[in-house]
>>> print(open('my_file-v9.pdb').read())   # PDB, C-alpha atoms and all ligand atoms
ATOM      1  CA  MET A1058     -47.258  18.020  15.938  1.00  0.00           C
ATOM      2  CA  LYS A1059     -47.091  17.348  12.233  1.00  0.00           C
ATOM      3  CA  ALA A1060     -44.387  19.987  11.735  1.00  0.00           C
ATOM      4  CA  ARG A1061     -42.289  18.374  14.465  1.00  0.00           C
ATOM      5  CA  LEU A1062     -42.496  14.984  12.808  1.00  0.00           C
ATOM      6  CA  ASN A1063     -41.307  16.541   9.575  1.00  0.00           C
ATOM      7  CA  ASP A1064     -38.347  18.115  11.391  1.00  0.00           C
ATOM      8  CA  LEU A1065     -37.419  14.766  12.901  1.00  0.00           C
ATOM      9  CA  LEU A1066     -37.584  13.119   9.514  1.00  0.00           C
ATOM     10  CA  MET A1067     -35.368  15.832   8.049  1.00  0.00           C
ATOM     11  CA  ILE A1068     -32.742  15.410  10.782  1.00  0.00           C
ATOM     12  CA  THR A1069     -32.780  11.639  10.337  1.00  0.00           C
ATOM     13  CA  ILE A1070     -32.171  12.025   6.613  1.00  0.00           C
ATOM     14  CA  LEU A1071     -29.324  14.479   7.239  1.00  0.00           C
ATOM     15  CA  ILE A1072     -27.625  12.123   9.718  1.00  0.00           C
ATOM     16  CA  ALA A1073     -28.027   9.194   7.337  1.00  0.00           C
ATOM     17  CA  GLY A1074     -26.436  11.331   4.635  1.00  0.00           C
ATOM     18  CA  LEU A1075     -23.452  12.130   6.852  1.00  0.00           C
ATOM     19  CA  PHE A1076     -22.895   8.443   7.582  1.00  0.00           C
ATOM     20  CA  LEU A1077     -22.911   7.687   3.887  1.00  0.00           C
ATOM     21  CA  LEU A1078     -20.249  10.332   3.309  1.00  0.00           C
ATOM     22  CA  PHE A1079     -18.030   9.523   6.258  1.00  0.00           C
ATOM     23  CA  PRO A1080     -16.664   5.954   5.986  1.00  0.00           C
ATOM     24  CA  GLY A1081     -14.123   6.962   3.323  1.00  0.00           C
ATOM     25  CA  GLY A1082     -12.945   9.922   5.379  1.00  0.00           C
ATOM     26  CA  ILE A1083     -12.503   7.871   8.526  1.00  0.00           C
ATOM     27  CA  LYS A1084     -10.615   5.119   6.716  1.00  0.00           C
ATOM     28  CA  GLN A1085      -8.235   7.615   5.124  1.00  0.00           C
ATOM     29  CA  THR A1086      -7.503   9.320   8.449  1.00  0.00           C
ATOM     30  CA  MET A1087      -6.703   5.995  10.074  1.00  0.00           C
ATOM     31  CA  GLY A1088      -4.367   4.982   7.258  1.00  0.00           C
ATOM     32  CA  GLN A1089      -2.429   8.224   7.308  1.00  0.00           C
ATOM     33  CA  GLY A1090      -2.266   8.869  11.034  1.00  0.00           C
ATOM     34  CA  ASP A1091      -1.425   5.429  12.345  1.00  0.00           C
ATOM     35  CA  ASN A1092       1.887   5.360  14.189  1.00  0.00           C
ATOM     36  CA  ASN A1093       1.949   1.602  14.658  1.00  0.00           C
ATOM     37  CA  ASN A1094       4.246  -0.608  12.669  1.00  0.00           C
ATOM     38  CA  ASP A1095       1.815  -2.866  10.899  1.00  0.00           C
ATOM     39  CA  THR A1096      -0.083  -0.441   8.739  1.00  0.00           C
ATOM     40  CA  ALA A1097      -1.271  -2.485   5.803  1.00  0.00           C
ATOM     41  CA  THR A1098      -3.422  -0.713   3.290  1.00  0.00           C
ATOM     42  CA  SER A1099      -4.677  -3.358   0.941  1.00  0.00           C
ATOM     43  CA  ASN A1100      -5.977  -2.254  -2.393  1.00  0.00           C
ATOM     44  CA  ALA A1101      -5.917  -2.999  -6.073  1.00  0.00           C
ATOM     45  CA  ASN A1102      -4.499   0.430  -6.866  1.00  0.00           C
ATOM     46  CA  SER A1103      -0.982  -0.783  -6.195  1.00  0.00           C
ATOM     47  CA  LEU A1104      -1.048  -1.776  -9.837  1.00  0.00           C
ATOM     48  CA  THR A1105      -1.241   1.044 -12.331  1.00  0.00           C
ATOM     49  CA  GLY A1106      -2.092  -0.778 -15.524  1.00  0.00           C
ATOM     50  CA  ASN A1107       0.430  -2.518 -17.790  1.00  0.00           C
ATOM     51  CA  ASN A1108       1.763  -4.551 -14.879  1.00  0.00           C
ATOM     52  CA  THR A1109       3.599  -1.637 -13.332  1.00  0.00           C
ATOM     53  CA  ILE A1110       3.904  -1.503  -9.558  1.00  0.00           C
ATOM     54  CA  VAL A1111       4.908   1.779  -7.956  1.00  0.00           C
ATOM     55  CA  LEU A1112       6.356   1.560  -4.459  1.00  0.00           C
ATOM     56  CA  ASN A1113       8.046   4.655  -3.104  1.00  0.00           C
ATOM     57  CA  PRO A1114       9.815   5.188   0.206  1.00  0.00           C
ATOM     58  CA  SER A1115       8.061   7.955   2.092  1.00  0.00           C
ATOM     59  CA  GLU A1116       8.314   9.500   5.531  1.00  0.00           C
ATOM     60  CA  VAL A1117       4.868   9.247   7.134  1.00  0.00           C
ATOM     61  CA  ASN A1118       4.610  10.859  10.570  1.00  0.00           C
ATOM     62  CA  GLY A1119       8.361  10.569  11.030  1.00  0.00           C
ATOM     63  CA  THR A1120       8.501   6.911  10.016  1.00  0.00           C
ATOM     64  CA  TYR A1121       9.625   5.437   6.715  1.00  0.00           C
ATOM     65  CA  ARG A1122       6.974   3.464   4.819  1.00  0.00           C
ATOM     66  CA  TRP A1123       6.390   2.116   1.343  1.00  0.00           C
ATOM     67  CA  VAL A1124       3.699   4.184  -0.361  1.00  0.00           C
ATOM     68  CA  ASN A1125       1.988   3.442  -3.672  1.00  0.00           C
ATOM     69  CA  ASN A1126       0.560   5.848  -6.251  1.00  0.00           C
ATOM     70  CA  SER A1127      -2.766   6.196  -4.477  1.00  0.00           C
ATOM     71  CA  GLY A1128      -1.204   6.883  -1.075  1.00  0.00           C
ATOM     72  CA  GLY A1129      -1.607   3.322   0.215  1.00  0.00           C
ATOM     73  CA  ILE A1130       0.857   2.669   3.037  1.00  0.00           C
ATOM     74  CA  ASN A1131       2.794  -0.612   2.972  1.00  0.00           C
ATOM     75  CA  PRO A1132       0.158  -1.814   0.494  1.00  0.00           C
ATOM     76  CA  THR A1133      -0.644  -5.449  -0.086  1.00  0.00           C
ATOM     77  CA  LEU A1134       0.331  -6.168  -3.691  1.00  0.00           C
ATOM     78  CA  ASP A1135      -2.044  -8.466  -5.555  1.00  0.00           C
ATOM     79  CA  ILE A1136      -0.272  -9.965  -8.534  1.00  0.00           C
ATOM     80  CA  THR A1137      -0.904 -12.791 -10.982  1.00  0.00           C
ATOM     81  CA  MET A1138       1.349 -15.822 -11.247  1.00  0.00           C
ATOM     82  CA  GLY A1139       3.403 -15.895 -14.447  1.00  0.00           C
ATOM     83  CA  ASN A1140       2.935 -12.203 -15.247  1.00  0.00           C
ATOM     84  CA  GLU A1141       6.002 -10.032 -15.421  1.00  0.00           C
ATOM     85  CA  TYR A1142       5.764  -6.855 -13.356  1.00  0.00           C
ATOM     86  CA  GLN A1143       7.870  -3.750 -13.521  1.00  0.00           C
ATOM     87  CA  ILE A1144       8.452  -2.488  -9.998  1.00  0.00           C
ATOM     88  CA  LYS A1145       9.280   1.218 -10.005  1.00  0.00           C
ATOM     89  CA  ILE A1146      10.777   2.941  -6.985  1.00  0.00           C
ATOM     90  CA  ASN A1147      11.446   6.624  -6.536  1.00  0.00           C
ATOM     91  CA  ASN A1148      13.250   7.713  -3.373  1.00  0.00           C
ATOM     92  CA  PRO A1149      12.445  11.309  -2.391  1.00  0.00           C
ATOM     93  CA  THR A1150      13.711  10.824   1.187  1.00  0.00           C
ATOM     94  CA  ASP A1151      17.181  11.693   2.447  1.00  0.00           C
ATOM     95  CA  GLU A1152      18.017   8.099   3.358  1.00  0.00           C
ATOM     96  CA  GLU A1153      18.952   5.027   1.391  1.00  0.00           C
ATOM     97  CA  HIS A1154      16.424   2.213   0.863  1.00  0.00           C
ATOM     98  CA  GLU A1155      16.416  -1.189  -0.813  1.00  0.00           C
ATOM     99  CA  LEU A1156      13.410  -3.369  -1.591  1.00  0.00           C
ATOM    100  CA  ILE A1157      13.788  -7.057  -0.746  1.00  0.00           C
ATOM    101  CA  ILE A1158      11.226  -9.711  -1.676  1.00  0.00           C
ATOM    102  CA  GLU A1159      11.330 -12.934   0.330  1.00  0.00           C
ATOM    103  CA  ASN A1160       9.343 -16.132   0.476  1.00  0.00           C
ATOM    104  CA  THR A1161       7.761 -17.324   3.714  1.00  0.00           C
ATOM    105  CA  GLU A1162      10.941 -19.311   4.507  1.00  0.00           C
ATOM    106  CA  ASN A1163      12.862 -16.016   4.573  1.00  0.00           C
ATOM    107  CA  SER A1164      14.739 -16.772   1.358  1.00  0.00           C
ATOM    108  CA  LYS A1165      15.302 -13.806  -0.892  1.00  0.00           C
ATOM    109  CA  VAL A1166      13.586 -14.181  -4.274  1.00  0.00           C
ATOM    110  CA  ALA A1167      14.223 -10.701  -5.696  1.00  0.00           C
ATOM    111  CA  SER A1168      15.513  -7.273  -4.753  1.00  0.00           C
ATOM    112  CA  SER A1169      16.033  -3.813  -6.114  1.00  0.00           C
ATOM    113  CA  GLU A1170      19.418  -2.230  -6.050  1.00  0.00           C
ATOM    114  CA  GLU A1171      20.240   0.197  -3.260  1.00  0.00           C
ATOM    115  CA  ILE A1172      18.369   3.424  -3.908  1.00  0.00           C
ATOM    116  CA  GLU A1173      20.241   6.522  -2.852  1.00  0.00           C
ATOM    117  CA  PRO A1174      18.354   9.679  -1.790  1.00  0.00           C
ATOM    118  CA  GLY A1175      16.772  11.379  -4.792  1.00  0.00           C
ATOM    119  CA  LYS A1176      17.324   8.383  -7.092  1.00  0.00           C
ATOM    120  CA  ASN A1177      14.962   6.098  -9.026  1.00  0.00           C
ATOM    121  CA  THR A1178      15.229   2.465  -9.859  1.00  0.00           C
ATOM    122  CA  GLU A1179      13.114  -0.266 -11.370  1.00  0.00           C
ATOM    123  CA  PHE A1180      13.329  -3.992 -11.823  1.00  0.00           C
ATOM    124  CA  LYS A1181      11.289  -6.813 -13.280  1.00  0.00           C
ATOM    125  CA  PHE A1182       9.559  -9.342 -11.093  1.00  0.00           C
ATOM    126  CA  LYS A1183       7.658 -12.515 -11.897  1.00  0.00           C
ATOM    127  CA  ALA A1184       6.200 -15.062  -9.483  1.00  0.00           C
ATOM    128  CA  ASP A1185       6.131 -18.697 -10.603  1.00  0.00           C
ATOM    129  CA  GLU A1186       3.929 -19.973  -7.787  1.00  0.00           C
ATOM    130  CA  THR A1187       0.744 -18.837  -6.124  1.00  0.00           C
ATOM    131  CA  GLY A1188       0.806 -17.946  -2.445  1.00  0.00           C
ATOM    132  CA  GLU A1189       2.327 -15.157  -0.405  1.00  0.00           C
ATOM    133  CA  LEU A1190       5.624 -13.346  -0.358  1.00  0.00           C
ATOM    134  CA  ASN A1191       6.888 -10.645   1.972  1.00  0.00           C
ATOM    135  CA  TYR A1192       8.542  -7.419   0.937  1.00  0.00           C
ATOM    136  CA  TYR A1193      10.515  -5.047   3.104  1.00  0.00           C
ATOM    137  CA  CYS A1194      13.300  -2.502   3.107  1.00  0.00           C
ATOM    138  CA  GLU A1195      16.794  -3.746   3.873  1.00  0.00           C
ATOM    139  CA  TYR A1196      17.389  -0.724   6.125  1.00  0.00           C
ATOM    140  CA  HIS A1197      13.931  -0.260   7.686  1.00  0.00           C
ATOM    141  CA  PRO A1198      12.518  -3.798   7.847  1.00  0.00           C
ATOM    142  CA  GLU A1199      10.213  -3.111  10.789  1.00  0.00           C
ATOM    143  CA  THR A1200       8.323  -0.175   9.292  1.00  0.00           C
ATOM    144  CA  MET A1201       8.719  -0.626   5.535  1.00  0.00           C
ATOM    145  CA  LYS A1202       7.136  -3.993   4.912  1.00  0.00           C
ATOM    146  CA  GLY A1203       4.148  -5.574   3.274  1.00  0.00           C
ATOM    147  CA  ILE A1204       2.697  -8.662   1.646  1.00  0.00           C
ATOM    148  CA  ILE A1205       2.529  -9.796  -1.977  1.00  0.00           C
ATOM    149  CA  LYS A1206      -0.395 -12.077  -2.813  1.00  0.00           C
ATOM    150  CA  ILE A1207      -0.009 -14.172  -5.938  1.00  0.00           C
ATOM    151  CA  ILE A1208      -3.112 -15.587  -7.585  1.00  0.00           C
ATOM    152  CA  GLU A1209      -3.544 -17.935 -10.519  1.00  0.00           C
ATOM    153  CA  PRO A1210      -4.183 -16.374 -13.902  1.00  0.00           C
ATOM    154  CA  MET A1211      -7.883 -16.247 -14.863  1.00  0.00           C
TER     155      MET A1211
HETATM  156 CU    CU B1301      14.069   1.979   3.954  1.00  0.00          CU
END
>>> encode(input="my_file-v9.pdb", output="C-alpha cells")
Amino acid sequence: MKARLNDLLMITILIAGLFLLFPGGIKQTMGQGDNNNDTATSNANSLTGNNTIVLNPSEVNGTYRWVNNSGGINPTLDITMGNEYQIKINNPTDEEHELIIENTENSKVASSEEIEPGKNTEFKFKADETGELNYYCEYHPETMKGIIKIIEPM
C-alpha cells in the first residue's frame, strides 16, 4: 500500500512538471499554425533595443504576415510617445509590400516606400500623441496588419 502511494505521488509530480513545461509550447503552436486573419502576437520583443523595430513580410502557412525578430506574427508594437523609432523592413518574399501606419480615423500618418522582393528599407517614425494606431500592408491589408500602442514616457 505504501509503495502504491509513492507511485501515485511520483506520477502526480511528473504530470505537474509537464504542465509547467507545456504552456510555452502550446502558445507557440497556436501562433504559428493559425490560419485566421487576426493573429496578433503581442510582445515587447518587437523592439530590439535602441528604438529599432523590425517588421518583415513573411509567408506563414501560405499567407503573408508581418513578422518581428522573435517570430511574433502581426505583433502589437508598444512604443513611447516622443521617441524616434527606426522601422526596418526586409522583404524575403517574391511579392511587393508597403507598410502603412494610420490613425483610428483612417488617416495615413506614415509609410515605408514600396519594398520590392528581396529588398530592404527603413524609415523613422515618431508618435506625438498617446493612444493607438493601426499598421498594415498596402497590398495585403487583411492579413498583414497590427496595432501600435503609444504610451507616455516614464
Ligand atoms: Cu504585403
>>> atom_distance(input="my_file-v9.pdb", atom1="CA of Thr1133 in chain A", atom2="CA of Met1201 in chain A")
11.9 Å
>>> residues_near_ligand(input="my_file-v9.pdb", ligand="ligand CU 1301 (chain B)", cutoff="6 Å", atoms="only C-alpha atoms and all ligand atoms", output="VMD selection string")
chain A and resid 1154 1194 1196 to 1197
>>> resolve_selection(input="my_file-v9.pdb", expression="the PyMOL selection byres (((chain A and resi 1202) around 6) and not hetatm)", output="list in words")
Asn1131, Tyr1192, Tyr1193, Thr1200, Met1201 and Gly1203 of chain A
>>> atom_distance(input="my_file-v9.pdb", atom1="CA of Thr1120 in chain A", atom2="CA of Glu1199 in chain A")
10.2 Å
>>> closest_residue(input="my_file-v9.pdb", among="A:Leu1190, A:Asp1151, A:Ile1110, A:Gly1139", to="Ser1127 in chain A", atoms="only C-alpha atoms")
A:Ile1110
>>> atom_distance(input="my_file-v9.pdb", atom1="CA of Pro1114 in chain A", atom2="CA of Pro1210 in chain A")
29.3 Å
>>> closest_residue(input="my_file-v9.pdb", among="A:Ser1168, A:Asn1125, A:Asn1191, A:Thr1137", to="Asn1113 in chain A", atoms="all atoms listed in the file")
A:Asn1125
>>> build_atoms(input="my_file-v9.pdb", residues="range 1164-1198 of chain A", atoms="N, CA and C atoms", output="PDB file, in the frame of the given file")
ATOM      1  N   SER A1164      13.747 -16.753   2.426  1.00  0.00           N
ATOM      2  CA  SER A1164      14.739 -16.772   1.358  1.00  0.00           C
ATOM      3  C   SER A1164      14.431 -15.652   0.379  1.00  0.00           C
ATOM      4  N   LYS A1165      15.481 -14.920   0.029  1.00  0.00           N
ATOM      5  CA  LYS A1165      15.302 -13.806  -0.892  1.00  0.00           C
ATOM      6  C   LYS A1165      14.974 -14.321  -2.289  1.00  0.00           C
ATOM      7  N   VAL A1166      13.912 -13.770  -2.908  1.00  0.00           N
ATOM      8  CA  VAL A1166      13.586 -14.181  -4.274  1.00  0.00           C
ATOM      9  C   VAL A1166      13.831 -13.053  -5.284  1.00  0.00           C
ATOM     10  N   ALA A1167      13.921 -11.826  -4.801  1.00  0.00           N
ATOM     11  CA  ALA A1167      14.223 -10.701  -5.696  1.00  0.00           C
ATOM     12  C   ALA A1167      14.579  -9.488  -4.847  1.00  0.00           C
ATOM     13  N   SER A1168      15.249  -8.524  -5.463  1.00  0.00           N
ATOM     14  CA  SER A1168      15.513  -7.273  -4.753  1.00  0.00           C
ATOM     15  C   SER A1168      15.823  -6.173  -5.755  1.00  0.00           C
ATOM     16  N   SER A1169      15.609  -4.959  -5.314  1.00  0.00           N
ATOM     17  CA  SER A1169      16.033  -3.813  -6.114  1.00  0.00           C
ATOM     18  C   SER A1169      17.517  -3.618  -5.835  1.00  0.00           C
ATOM     19  N   GLU A1170      18.086  -2.643  -6.482  1.00  0.00           N
ATOM     20  CA  GLU A1170      19.418  -2.230  -6.050  1.00  0.00           C
ATOM     21  C   GLU A1170      19.232  -1.250  -4.889  1.00  0.00           C
ATOM     22  N   GLU A1171      20.335  -0.840  -4.283  1.00  0.00           N
ATOM     23  CA  GLU A1171      20.240   0.197  -3.260  1.00  0.00           C
ATOM     24  C   GLU A1171      19.822   1.491  -3.937  1.00  0.00           C
ATOM     25  N   ILE A1172      18.879   2.195  -3.302  1.00  0.00           N
ATOM     26  CA  ILE A1172      18.369   3.424  -3.908  1.00  0.00           C
ATOM     27  C   ILE A1172      18.786   4.610  -3.048  1.00  0.00           C
ATOM     28  N   GLU A1173      19.731   5.350  -3.562  1.00  0.00           N
ATOM     29  CA  GLU A1173      20.241   6.522  -2.852  1.00  0.00           C
ATOM     30  C   GLU A1173      19.178   7.611  -2.802  1.00  0.00           C
ATOM     31  N   PRO A1174      19.312   8.557  -1.856  1.00  0.00           N
ATOM     32  CA  PRO A1174      18.354   9.679  -1.790  1.00  0.00           C
ATOM     33  C   PRO A1174      18.237  10.382  -3.140  1.00  0.00           C
ATOM     34  N   GLY A1175      17.017  10.655  -3.551  1.00  0.00           N
ATOM     35  CA  GLY A1175      16.772  11.379  -4.792  1.00  0.00           C
ATOM     36  C   GLY A1175      16.885  10.544  -6.057  1.00  0.00           C
ATOM     37  N   LYS A1176      17.132   9.233  -5.913  1.00  0.00           N
ATOM     38  CA  LYS A1176      17.324   8.383  -7.092  1.00  0.00           C
ATOM     39  C   LYS A1176      16.086   7.519  -7.375  1.00  0.00           C
ATOM     40  N   ASN A1177      16.002   7.037  -8.611  1.00  0.00           N
ATOM     41  CA  ASN A1177      14.962   6.098  -9.026  1.00  0.00           C
ATOM     42  C   ASN A1177      15.597   4.774  -9.360  1.00  0.00           C
ATOM     43  N   THR A1178      14.785   3.736  -9.296  1.00  0.00           N
ATOM     44  CA  THR A1178      15.229   2.465  -9.859  1.00  0.00           C
ATOM     45  C   THR A1178      14.000   1.681 -10.289  1.00  0.00           C
ATOM     46  N   GLU A1179      14.203   0.645 -11.061  1.00  0.00           N
ATOM     47  CA  GLU A1179      13.114  -0.266 -11.370  1.00  0.00           C
ATOM     48  C   GLU A1179      13.693  -1.624 -11.720  1.00  0.00           C
ATOM     49  N   PHE A1180      12.889  -2.636 -11.471  1.00  0.00           N
ATOM     50  CA  PHE A1180      13.329  -3.992 -11.823  1.00  0.00           C
ATOM     51  C   PHE A1180      12.113  -4.841 -12.149  1.00  0.00           C
ATOM     52  N   LYS A1181      12.379  -5.924 -12.868  1.00  0.00           N
ATOM     53  CA  LYS A1181      11.289  -6.813 -13.280  1.00  0.00           C
ATOM     54  C   LYS A1181      11.100  -7.898 -12.236  1.00  0.00           C
ATOM     55  N   PHE A1182       9.842  -8.283 -12.053  1.00  0.00           N
ATOM     56  CA  PHE A1182       9.559  -9.342 -11.093  1.00  0.00           C
ATOM     57  C   PHE A1182       8.443 -10.245 -11.604  1.00  0.00           C
ATOM     58  N   LYS A1183       8.664 -11.541 -11.468  1.00  0.00           N
ATOM     59  CA  LYS A1183       7.658 -12.515 -11.897  1.00  0.00           C
ATOM     60  C   LYS A1183       7.584 -13.619 -10.856  1.00  0.00           C
ATOM     61  N   ALA A1184       6.373 -13.970 -10.447  1.00  0.00           N
ATOM     62  CA  ALA A1184       6.200 -15.062  -9.483  1.00  0.00           C
ATOM     63  C   ALA A1184       5.770 -16.323 -10.223  1.00  0.00           C
ATOM     64  N   ASP A1185       6.427 -17.440  -9.908  1.00  0.00           N
ATOM     65  CA  ASP A1185       6.131 -18.697 -10.603  1.00  0.00           C
ATOM     66  C   ASP A1185       5.196 -19.604  -9.812  1.00  0.00           C
ATOM     67  N   GLU A1186       4.851 -19.191  -8.603  1.00  0.00           N
ATOM     68  CA  GLU A1186       3.929 -19.973  -7.787  1.00  0.00           C
ATOM     69  C   GLU A1186       2.899 -19.053  -7.158  1.00  0.00           C
ATOM     70  N   THR A1187       1.735 -19.608  -6.868  1.00  0.00           N
ATOM     71  CA  THR A1187       0.744 -18.837  -6.124  1.00  0.00           C
ATOM     72  C   THR A1187       1.138 -18.852  -4.651  1.00  0.00           C
ATOM     73  N   GLY A1188       0.517 -17.982  -3.881  1.00  0.00           N
ATOM     74  CA  GLY A1188       0.806 -17.946  -2.445  1.00  0.00           C
ATOM     75  C   GLY A1188       1.171 -16.544  -2.002  1.00  0.00           C
ATOM     76  N   GLU A1189       1.970 -16.458  -0.961  1.00  0.00           N
ATOM     77  CA  GLU A1189       2.327 -15.157  -0.405  1.00  0.00           C
ATOM     78  C   GLU A1189       3.828 -14.971  -0.338  1.00  0.00           C
ATOM     79  N   LEU A1190       4.239 -13.748  -0.558  1.00  0.00           N
ATOM     80  CA  LEU A1190       5.624 -13.346  -0.358  1.00  0.00           C
ATOM     81  C   LEU A1190       5.614 -12.132   0.567  1.00  0.00           C
ATOM     82  N   ASN A1191       6.752 -11.849   1.160  1.00  0.00           N
ATOM     83  CA  ASN A1191       6.888 -10.645   1.972  1.00  0.00           C
ATOM     84  C   ASN A1191       7.847  -9.687   1.285  1.00  0.00           C
ATOM     85  N   TYR A1192       7.569  -8.404   1.403  1.00  0.00           N
ATOM     86  CA  TYR A1192       8.542  -7.419   0.937  1.00  0.00           C
ATOM     87  C   TYR A1192       8.886  -6.479   2.075  1.00  0.00           C
ATOM     88  N   TYR A1193      10.093  -5.970   2.051  1.00  0.00           N
ATOM     89  CA  TYR A1193      10.515  -5.047   3.104  1.00  0.00           C
ATOM     90  C   TYR A1193      11.727  -4.261   2.630  1.00  0.00           C
ATOM     91  N   CYS A1194      12.101  -3.285   3.402  1.00  0.00           N
ATOM     92  CA  CYS A1194      13.300  -2.502   3.107  1.00  0.00           C
ATOM     93  C   CYS A1194      14.471  -3.072   3.904  1.00  0.00           C
ATOM     94  N   GLU A1195      15.576  -3.234   3.227  1.00  0.00           N
ATOM     95  CA  GLU A1195      16.794  -3.746   3.873  1.00  0.00           C
ATOM     96  C   GLU A1195      17.168  -2.917   5.108  1.00  0.00           C
ATOM     97  N   TYR A1196      16.925  -1.604   5.050  1.00  0.00           N
ATOM     98  CA  TYR A1196      17.389  -0.724   6.125  1.00  0.00           C
ATOM     99  C   TYR A1196      16.304  -0.375   7.136  1.00  0.00           C
ATOM    100  N   HIS A1197      15.045  -0.573   6.774  1.00  0.00           N
ATOM    101  CA  HIS A1197      13.931  -0.260   7.686  1.00  0.00           C
ATOM    102  C   HIS A1197      12.920  -1.408   7.660  1.00  0.00           C
ATOM    103  N   PRO A1198      13.375  -2.612   8.026  1.00  0.00           N
ATOM    104  CA  PRO A1198      12.518  -3.798   7.847  1.00  0.00           C
ATOM    105  C   PRO A1198      11.300  -3.818   8.765  1.00  0.00           C
TER     106      PRO A1198
END
